[in-house]
Number of protein chains: 2
Amino acid sequence: MSDLPKSVTIHEEGPREGFQIEPATIPTARKVEFIEALSGTGLKHIQVVSYVNPKRVPGMADAEDVVRGFKPAPGIEYTALWLNEKGLERARASGKLTLNGKISIYASEKFSMRNNNRNTAQEFEYARRVLDQYKEHGIPVERGSIASAFGCNFEGDIPTSKILDILRRIFDIAEENAIELKEISLADTMAWATPLSIKRTVGAIREKYPDARLNLHLHDTRGMGIANAYAGLEMGVDMFDACVAGLGGCPFAGHKGAAGNVCTEDLVFMCHEMGIDTGIDFDRLLDCARLAEDIVGHPLPGSVKFGGSLDKLRAAARTPA
Amino acid sequence: MSDLPKSVTIHEEGPREGFQIEPATIPTARKVEFIEALSGTGLKHIQVVSYVNPKRVPGMADAEDVVRGFKPAPGIEYTALWLNEKGLERARASGKLTLNGKISIYASEKFSMRNNNRNTAQEFEYARRVLDQYKEHGIPVERGSIASAFGCNFEGDIPTSKILDILRRIFDIAEENAIELKEISLADTMAWATPLSIKRTVGAIREKYPDARLNLHLHDTRGMGIANAYAGLEMGVDMFDACVAGLGGCPFAGHKGAAGNVCTEDLVFMCHEMGIDTGIDFDRLLDCARLAEDIVGHPLPGSVKFGGSLDKLRAAARTPA
């Protein structure tokens with residue numbers, strides 16, 4: 001009936017996605033508290049900050065202090081996002097983070113022009129220069145990554161053929177640099193994906209790259225996040241980015257409770273209930289979701305934090321009245 | 001890859017599910033306004049009220065006035081919920097509603113005991129008496145319906161074998177009464193279903209009852225609503241109950257924005273984007289979602305009302321800058 005994986009790896013991005021869209025009024029100490037709480041859930045990958053321009057993203061102006069502040073737990077990979085050489089420099093200077101290089105290209109040329117003022121050909125040129133930096137600093141590169149992979153608010157639908165073409169060029173420049181890519185990440189940056197387009201795209205990629213491990217970065221802006229994750233699971237995808245409580249929001253949405261990234265605890269709930277291991281303690285994760293709401297000071301969109309665990313209800317149902 | 005239907009029928013239950021959990025402070029005129037707005041979306045089935053004890057459900061105390069108040073549009077079936085003979089009497093007295101009988105049984109005996117003070121055997125006895133009433137009043141019966149079909153907060157998991165057993169007994173009493181059941185409805189009353197359990201249960205039922213049309217009534221309390229609907233679609237289910245804006249809420253949830261029923265416009269968005277016809281005007285439906293929020297006076301959980309239509313973005317993307 002399906003090709004559900006036995007276990008799934010979740011990359012928690014709540015501290016980065018969540019706090020970067022909040023105003024710069026959240027105390028650094030509370031961000032540190034949140035990262036340390038997440039460290040006690042069983043999550044093995046936590047993206048803690050982005051090193052970006054503090055004028056454009058004031059919520060991340062304290063990135064250095066956040067990274068200095070938290071006590072790392074053993075066995076956890078703490079990561080960061082950077083978008084240029086300066087960001088990479090700051091990430092390297094932290095001395096505390098796992099630096100994972102990647103070859104990252106926008107599927108949408110219009111979005112790339114808007115954000116980076118580079119067309120796709122220029123993006124590939126830029127990616128080559130970034131690879132030189134990674135080589136210089138000994139940063140490993142194992143991932144090819146495509147943003148706005150399922151559609152773009154400025155360019156419209158992204159055909160699968162375009163995704164395959166970009167992937168081919170990503171693997172080409174990897175090969176030129178003697179890099180063996182092990183992972184392919186697809187980001188539904190603007191929430192255009194449906195379960196059907198997830199299946200089509202993932203299916204086409206798996207056919208071409210059967211040995212690559214796939215990662216999905218899903219947004220829930222149109223309510224498709226968990227359904228899209230399920231479609232990915234059915235296609236054997238076993239690595240997902242997610243944000244506790246659905247942190248990440250949606251800057252252009254009408255109110256703060258609007259759905260952002262796919263919600264970690266909703267995703268973990270679905271996995272566990274379908275017999276898929278995540279290595280995560282669900283109740284501790286729920287505590288983190290409540291902590292996240294307390295820190296940002298407004299409701300966050302995740303659902304299961306209200307409905308709660310079924311295991312507790314199962315246990316109660318087994319107890320004679 | 002899947003068995004997605006070409007078209008889907010949606011039974012809108014927002015006015016009933018939504019307003020019955022709100023306090024009795026919503027003016028009748030606004031409920032009427034909402035029903036008439038829904039009537040302009042292309043929806044063909046709208047459940048407008050429940051005829052229940054106004055002491056237990058004060059939000060439905062004005063059911064008679066609501067039904068008297070709205071102007072019915074041609075081609076739309078307006079329905080109501082009733083739970084006993086008195087409720088049926090009130091529904092009949094309206095003279096304006098389509099009365100659809102059904103044989104309805106709780107999968108969870110504990111829930112049935114709590115709600116109706118009847119065990120499952122007594123539920124079947126009661127169902128026989130209800131069929132007599134339907135016969136007496138010439139009310140057609142085409143549906144067998146199972147509540148709490150995927151799990152129960154008081155009883156725990158519901159095995160598929162139990163669902164099949166209850167269905168067999170439902171079809172038996174239908175046959176005794178010379179009734180040919182054409183539809184089977186499964187309600188995930190307490191939001192225990194996952195896409196996997198939907199597939200398992202629907203698959204088992206379709207094998208036994210290949211000619212029956214299946215309906216799913218899904219709650220989104222744990223964020224699985226749309227994913228569960230997708231799983232149903234993949235199994236060929238082409239009839240869903242849903243509530244505009246996710247009306248219906250969750251009375252035991254921490255705040256009013258908590259997810260309730262599966263959200264009509266999110267479901268319609270998914271269907272349309274996957275090429276499944278619903279007969280519904282998506283933009284008018286979005287207007288109804290915003291109207292619903294205005295009427296209840298608090299945020300409602302549906303997502304796509306923030307993200308909005310992709311078709312508008314597609315059209316804009318095609319326009320040269």
# chains A, B, ... in the order shown; residues from 1 in each chain; ligands from 1
>>> residues_around(residues="Leu196 (chain A)", least_positions_apart="2", cutoff="10 Å", atoms="only C-alpha atoms", output="list in words")
Ala193, Thr194, Ile198, Lys199, Arg200, Thr201, Val202, Ala227, Asn228, Ala231 and Gly232 of chain A; Met1, Ser2, Leu4, Tyr230, Glu234, Met270, Cys271, Glu273, Met274 and Gly275 of chain B
>>> select_by_dssp(residues="region 19-110 of chain A", states="strand (DSSP E or B)", output="list in words")
His45, Ile46, Gln47, Val48, Val49, Ser50, Tyr51, Glu77, Tyr78, Thr79, Ala80, Leu81, Trp82, Gly101, Lys102, Ile103, Ser104, Ile105 and Tyr106 of chain A
>>> residues_around(residues="region 66-76 of chain B", least_positions_apart="3", cutoff="10 Å", atoms="only C-alpha atoms", output="CSV table (one decimal) with N, CA and C atoms, in the first residue's frame")
chain,number,residue,atom,x,y,z
B,15,PRO,N,-22.3,25.8,9.6
B,15,PRO,CA,-23.3,26.4,10.4
B,15,PRO,C,-23.7,25.6,11.6
B,27,PRO,N,-26.1,36.6,16.8
B,27,PRO,CA,-27.4,36.9,16.3
B,27,PRO,C,-27.9,35.9,15.2
B,28,THR,N,-29.1,35.5,15.3
B,28,THR,CA,-29.7,34.6,14.3
B,28,THR,C,-29.5,35.2,12.9
B,29,ALA,N,-29.6,36.5,12.8
B,29,ALA,CA,-29.5,37.1,11.4
B,29,ALA,C,-28.1,36.8,10.8
B,30,ARG,N,-27.1,36.8,11.7
B,30,ARG,CA,-25.8,36.5,11.1
B,30,ARG,C,-25.6,35.1,10.7
B,31,LYS,N,-26.3,34.1,11.4
B,31,LYS,CA,-26.2,32.7,11.0
B,31,LYS,C,-26.9,32.6,9.6
B,32,VAL,N,-28.0,33.3,9.5
B,32,VAL,CA,-28.8,33.3,8.2
B,32,VAL,C,-27.9,33.9,7.1
B,33,GLU,N,-27.2,35.0,7.4
B,33,GLU,CA,-26.3,35.6,6.4
B,33,GLU,C,-25.3,34.6,6.0
B,34,PHE,N,-24.7,33.9,6.9
B,34,PHE,CA,-23.7,32.9,6.6
B,34,PHE,C,-24.2,31.8,5.7
B,35,ILE,N,-25.4,31.2,6.1
B,35,ILE,CA,-26.0,30.2,5.3
B,35,ILE,C,-26.3,30.6,3.8
B,36,GLU,N,-26.7,31.9,3.7
B,36,GLU,CA,-27.0,32.4,2.4
B,36,GLU,C,-25.7,32.6,1.6
B,38,LEU,N,-23.0,30.9,2.0
B,38,LEU,CA,-22.6,29.5,1.6
B,38,LEU,C,-23.3,29.0,0.4
B,39,SER,N,-24.6,29.4,0.3
B,39,SER,CA,-25.5,29.0,-0.8
B,39,SER,C,-25.0,29.5,-2.2
B,40,GLY,N,-24.1,30.6,-2.1
B,40,GLY,CA,-23.7,31.1,-3.4
B,40,GLY,C,-22.3,30.6,-3.8
B,42,GLY,N,-21.6,27.3,-4.7
B,42,GLY,CA,-21.6,26.1,-5.5
B,42,GLY,C,-21.7,24.8,-4.6
B,43,LEU,N,-21.7,25.0,-3.3
B,43,LEU,CA,-21.9,23.9,-2.4
B,43,LEU,C,-23.4,23.4,-2.6
B,44,LYS,N,-23.6,22.1,-2.6
B,44,LYS,CA,-24.9,21.5,-2.9
B,44,LYS,C,-25.5,20.9,-1.7
B,45,HIS,N,-24.8,20.8,-0.6
B,45,HIS,CA,-25.2,20.2,0.6
B,45,HIS,C,-24.8,21.0,1.8
B,46,ILE,N,-25.7,21.6,2.5
B,46,ILE,CA,-25.3,22.4,3.7
B,46,ILE,C,-26.1,22.0,4.9
B,48,VAL,N,-27.5,23.0,8.3
B,48,VAL,CA,-27.7,24.4,8.8
B,48,VAL,C,-27.8,24.4,10.3
B,49,VAL,N,-28.4,23.4,10.9
B,49,VAL,CA,-28.6,23.5,12.4
B,49,VAL,C,-28.6,22.1,12.9
B,60,MET,N,-27.6,26.5,19.8
B,60,MET,CA,-28.6,26.0,18.8
B,60,MET,C,-30.0,26.3,19.2
B,61,ALA,N,-30.2,27.1,20.3
B,61,ALA,CA,-31.5,27.3,20.8
B,61,ALA,C,-32.4,28.0,19.7
B,62,ASP,N,-31.8,28.7,18.8
B,62,ASP,CA,-32.5,29.5,17.8
B,62,ASP,C,-32.7,28.7,16.5
B,63,ALA,N,-32.5,27.4,16.5
B,63,ALA,CA,-32.5,26.6,15.3
B,63,ALA,C,-33.8,26.8,14.4
B,79,THR,N,-29.8,20.5,5.2
B,79,THR,CA,-30.0,19.4,6.2
B,79,THR,C,-29.9,19.8,7.6
B,80,ALA,N,-30.2,18.9,8.5
B,80,ALA,CA,-30.1,19.2,9.9
B,80,ALA,C,-29.6,17.9,10.6
B,91,ALA,N,-37.3,18.9,13.1
B,91,ALA,CA,-36.8,19.0,11.8
B,91,ALA,C,-37.9,18.8,10.8
B,94,SER,N,-40.1,21.9,10.3
B,94,SER,CA,-39.5,23.0,9.6
B,94,SER,C,-40.1,23.1,8.2
B,95,GLY,N,-40.4,22.0,7.6
B,95,GLY,CA,-41.0,22.0,6.3
B,95,GLY,C,-40.0,22.5,5.2
B,96,LYS,N,-38.8,22.7,5.5
B,96,LYS,CA,-37.9,23.3,4.6
B,96,LYS,C,-36.6,22.5,4.3
B,97,LEU,N,-36.4,21.5,5.1
B,97,LEU,CA,-35.1,20.8,5.1
B,97,LEU,C,-35.3,19.4,4.4
B,98,THR,N,-34.2,19.0,3.8
B,98,THR,CA,-34.1,17.6,3.3
B,98,THR,C,-33.8,16.7,4.4
>>> closest_atom_pairs(of="chain A", to="chain B", cutoff="8 Å", atoms="only C-alpha atoms", output="CSV")
residue,atom,partner,partner_atom,distance
A:Asn153,CA,B:Leu313,CA,5.6
A:Phe154,CA,B:Ala317,CA,5.3
A:Glu155,CA,B:Ala317,CA,5.1
A:Gly156,CA,B:Arg314,CA,4.8
A:Asp157,CA,B:Arg314,CA,7.3
A:Trp192,CA,B:Leu310,CA,7.4
A:Thr194,CA,B:Met270,CA,6.5
A:Pro195,CA,B:Tyr230,CA,7.6
A:Leu196,CA,B:Met274,CA,6.2
A:Ser197,CA,B:Met274,CA,7.8
A:Asp220,CA,B:Ser303,CA,7.6
A:Thr221,CA,B:Gly307,CA,5.3
A:Arg222,CA,B:Val304,CA,4.0
A:Gly223,CA,B:Ser303,CA,4.8
A:Met224,CA,B:Ile226,CA,6.9
A:Ile226,CA,B:Ala227,CA,6.0
A:Ala227,CA,B:Ala227,CA,3.8
A:Asn228,CA,B:Ala227,CA,7.6
A:Tyr230,CA,B:Ala227,CA,6.8
A:Ala253,CA,B:Phe306,CA,5.3
A:Gly254,CA,B:Phe306,CA,6.1
A:Ala258,CA,B:Phe306,CA,6.8
A:Ala259,CA,B:Ser303,CA,6.2
A:Asp266,CA,B:Gly223,CA,6.2
A:Met270,CA,B:Thr194,CA,6.5
A:Glu273,CA,B:Thr194,CA,7.0
A:Met274,CA,B:Leu196,CA,6.2
A:Pro301,CA,B:Pro301,CA,7.9
A:Gly302,CA,B:Gly223,CA,7.2
A:Ser303,CA,B:Gly223,CA,4.8
A:Val304,CA,B:Arg222,CA,4.0
A:Lys305,CA,B:Arg222,CA,7.5
A:Phe306,CA,B:Ala253,CA,5.3
A:Gly307,CA,B:Arg222,CA,5.3
A:Gly308,CA,B:Arg222,CA,7.2
A:Leu310,CA,B:Trp192,CA,7.4
A:Leu313,CA,B:Asn153,CA,5.6
A:Arg314,CA,B:Gly156,CA,4.9
A:Ala316,CA,B:Phe154,CA,7.5
A:Ala317,CA,B:Glu155,CA,5.1
A:Arg318,CA,B:Glu155,CA,7.7
>>> write_last_selection(atoms="C-alpha atoms", output="PDB file, in the first residue's frame")
ATOM      1  CA  ASN A 153       4.456  33.383  -6.160  1.00  0.00           C
ATOM      2  CA  PHE A 154       6.330  35.357  -8.836  1.00  0.00           C
ATOM      3  CA  GLU A 155       6.990  32.719 -11.477  1.00  0.00           C
ATOM      4  CA  GLY A 156       4.041  30.357 -11.060  1.00  0.00           C
ATOM      5  CA  ASP A 157       4.223  26.572 -11.389  1.00  0.00           C
ATOM      6  CA  TRP A 192       2.681  25.618  -3.614  1.00  0.00           C
ATOM      7  CA  THR A 194       0.182  19.374  -2.930  1.00  0.00           C
ATOM      8  CA  PRO A 195       0.512  15.712  -1.997  1.00  0.00           C
ATOM      9  CA  LEU A 196       0.162  14.897  -5.689  1.00  0.00           C
ATOM     10  CA  SER A 197       2.956  17.250  -6.814  1.00  0.00           C
ATOM     11  CA  ASP A 220       2.064  25.060   5.793  1.00  0.00           C
ATOM     12  CA  THR A 221       0.801  28.405   4.523  1.00  0.00           C
ATOM     13  CA  ARG A 222      -2.063  26.743   2.661  1.00  0.00           C
ATOM     14  CA  GLY A 223      -2.673  23.932   5.140  1.00  0.00           C
ATOM     15  CA  MET A 224      -0.989  21.222   3.060  1.00  0.00           C
ATOM     16  CA  ILE A 226       1.270  17.472   6.993  1.00  0.00           C
ATOM     17  CA  ALA A 227      -0.484  16.015   3.945  1.00  0.00           C
ATOM     18  CA  ASN A 228       2.608  16.845   1.879  1.00  0.00           C
ATOM     19  CA  TYR A 230       2.627  12.139   4.361  1.00  0.00           C
ATOM     20  CA  ALA A 253      -0.303  36.487   6.616  1.00  0.00           C
ATOM     21  CA  GLY A 254      -3.153  38.331   8.207  1.00  0.00           C
ATOM     22  CA  ALA A 258      -1.141  31.960  10.583  1.00  0.00           C
ATOM     23  CA  ALA A 259       0.516  28.738   9.586  1.00  0.00           C
ATOM     24  CA  ASP A 266       2.247  17.257  14.418  1.00  0.00           C
ATOM     25  CA  MET A 270       1.769  11.280  12.635  1.00  0.00           C
ATOM     26  CA  GLU A 273       0.992   6.804  15.203  1.00  0.00           C
ATOM     27  CA  MET A 274       1.925   5.181  11.884  1.00  0.00           C
ATOM     28  CA  PRO A 301      -0.438  27.153  14.547  1.00  0.00           C
ATOM     29  CA  GLY A 302       0.486  23.553  15.472  1.00  0.00           C
ATOM     30  CA  SER A 303      -2.579  21.426  16.266  1.00  0.00           C
ATOM     31  CA  VAL A 304      -1.624  18.403  18.332  1.00  0.00           C
ATOM     32  CA  LYS A 305      -0.495  20.580  21.215  1.00  0.00           C
ATOM     33  CA  PHE A 306      -4.222  21.087  21.853  1.00  0.00           C
ATOM     34  CA  GLY A 307      -5.460  17.582  21.147  1.00  0.00           C
ATOM     35  CA  GLY A 308      -2.521  15.992  22.924  1.00  0.00           C
ATOM     36  CA  LEU A 310      -3.179   9.447  22.231  1.00  0.00           C
ATOM     37  CA  LEU A 313      -5.705   8.324  26.473  1.00  0.00           C
ATOM     38  CA  ARG A 314      -4.877   4.711  25.579  1.00  0.00           C
ATOM     39  CA  ALA A 316      -6.364   5.729  30.721  1.00  0.00           C
ATOM     40  CA  ALA A 317      -8.746   3.613  28.614  1.00  0.00           C
ATOM     41  CA  ARG A 318      -6.954   0.448  29.773  1.00  0.00           C
TER      42      ARG A 318
END
>>> closest_residue(among="A:Tyr106, A:Phe282, A:Phe19, A:Tyr51", to="Phe150 (chain A)", atoms="only C-alpha atoms")
A:Tyr106
>>> residues_around(residues="Asp241 (chain B)", least_positions_apart="3", cutoff="9 Å", atoms="only C-alpha atoms", output="list in words")
Thr9, Ile10, His11, Glu12, Glu13, Asn215, Leu216, His217, Leu218, Asn261, Val262 and Thr264 of chain B
>>> atom_distance(atom1="CA of His137 (chain A)", atom2="CA of Thr120 (chain A)")
25.6 Å
>>> closest_residue(among="A:Thr41, A:Ile26, A:Asn116, A:Glu64", to="Gly279 (chain A)", atoms="only C-alpha atoms")
A:Thr41
>>> select_by_dssp(residues="region 87-230 of chain A", states="helix (DSSP H, G or I)", output="PyMOL selection string")
chain A and resi 87-94+109-116+120-137+160-176+195-208+225-230
>>> residues_around(residues="Ile163 (chain A)", least_positions_apart="3", cutoff="7 Å", atoms="only C-alpha atoms", output="PyMOL selection string")
chain A and resi 107+149+159-160+166-167
>>> write_last_selection(atoms="N, CA and C atoms", output="short mmCIF file (atom, residue, chain, number, x, y, z; two decimals), in the first residue's frame")
data_model
loop_
_atom_site.label_atom_id
_atom_site.label_comp_id
_atom_site.auth_asym_id
_atom_site.auth_seq_id
_atom_site.Cartn_x
_atom_site.Cartn_y
_atom_site.Cartn_z
N ALA A 107 14.67 27.24 -7.87
CA ALA A 107 14.00 26.78 -9.09
C ALA A 107 13.39 27.96 -9.85
N ALA A 149 10.79 24.85 -5.04
CA ALA A 149 10.82 23.72 -5.96
C ALA A 149 9.45 23.33 -6.51
N PRO A 159 7.71 23.28 -13.43
CA PRO A 159 7.56 21.92 -13.98
C PRO A 159 8.66 20.98 -13.46
N THR A 160 8.31 19.71 -13.36
CA THR A 160 9.27 18.72 -12.88
C THR A 160 10.51 18.69 -13.76
N ILE A 166 17.77 21.41 -13.21
CA ILE A 166 18.60 22.08 -12.19
C ILE A 166 19.41 21.05 -11.41
N LEU A 167 18.76 19.95 -11.06
CA LEU A 167 19.48 18.90 -10.32
C LEU A 167 20.67 18.37 -11.12
#
>>> residues_around(residues="Thr278 (chain A)", least_positions_apart="5", cutoff="7 Å", atoms="only C-alpha atoms", output="PyMOL selection string")
chain A and resi 7-9+268
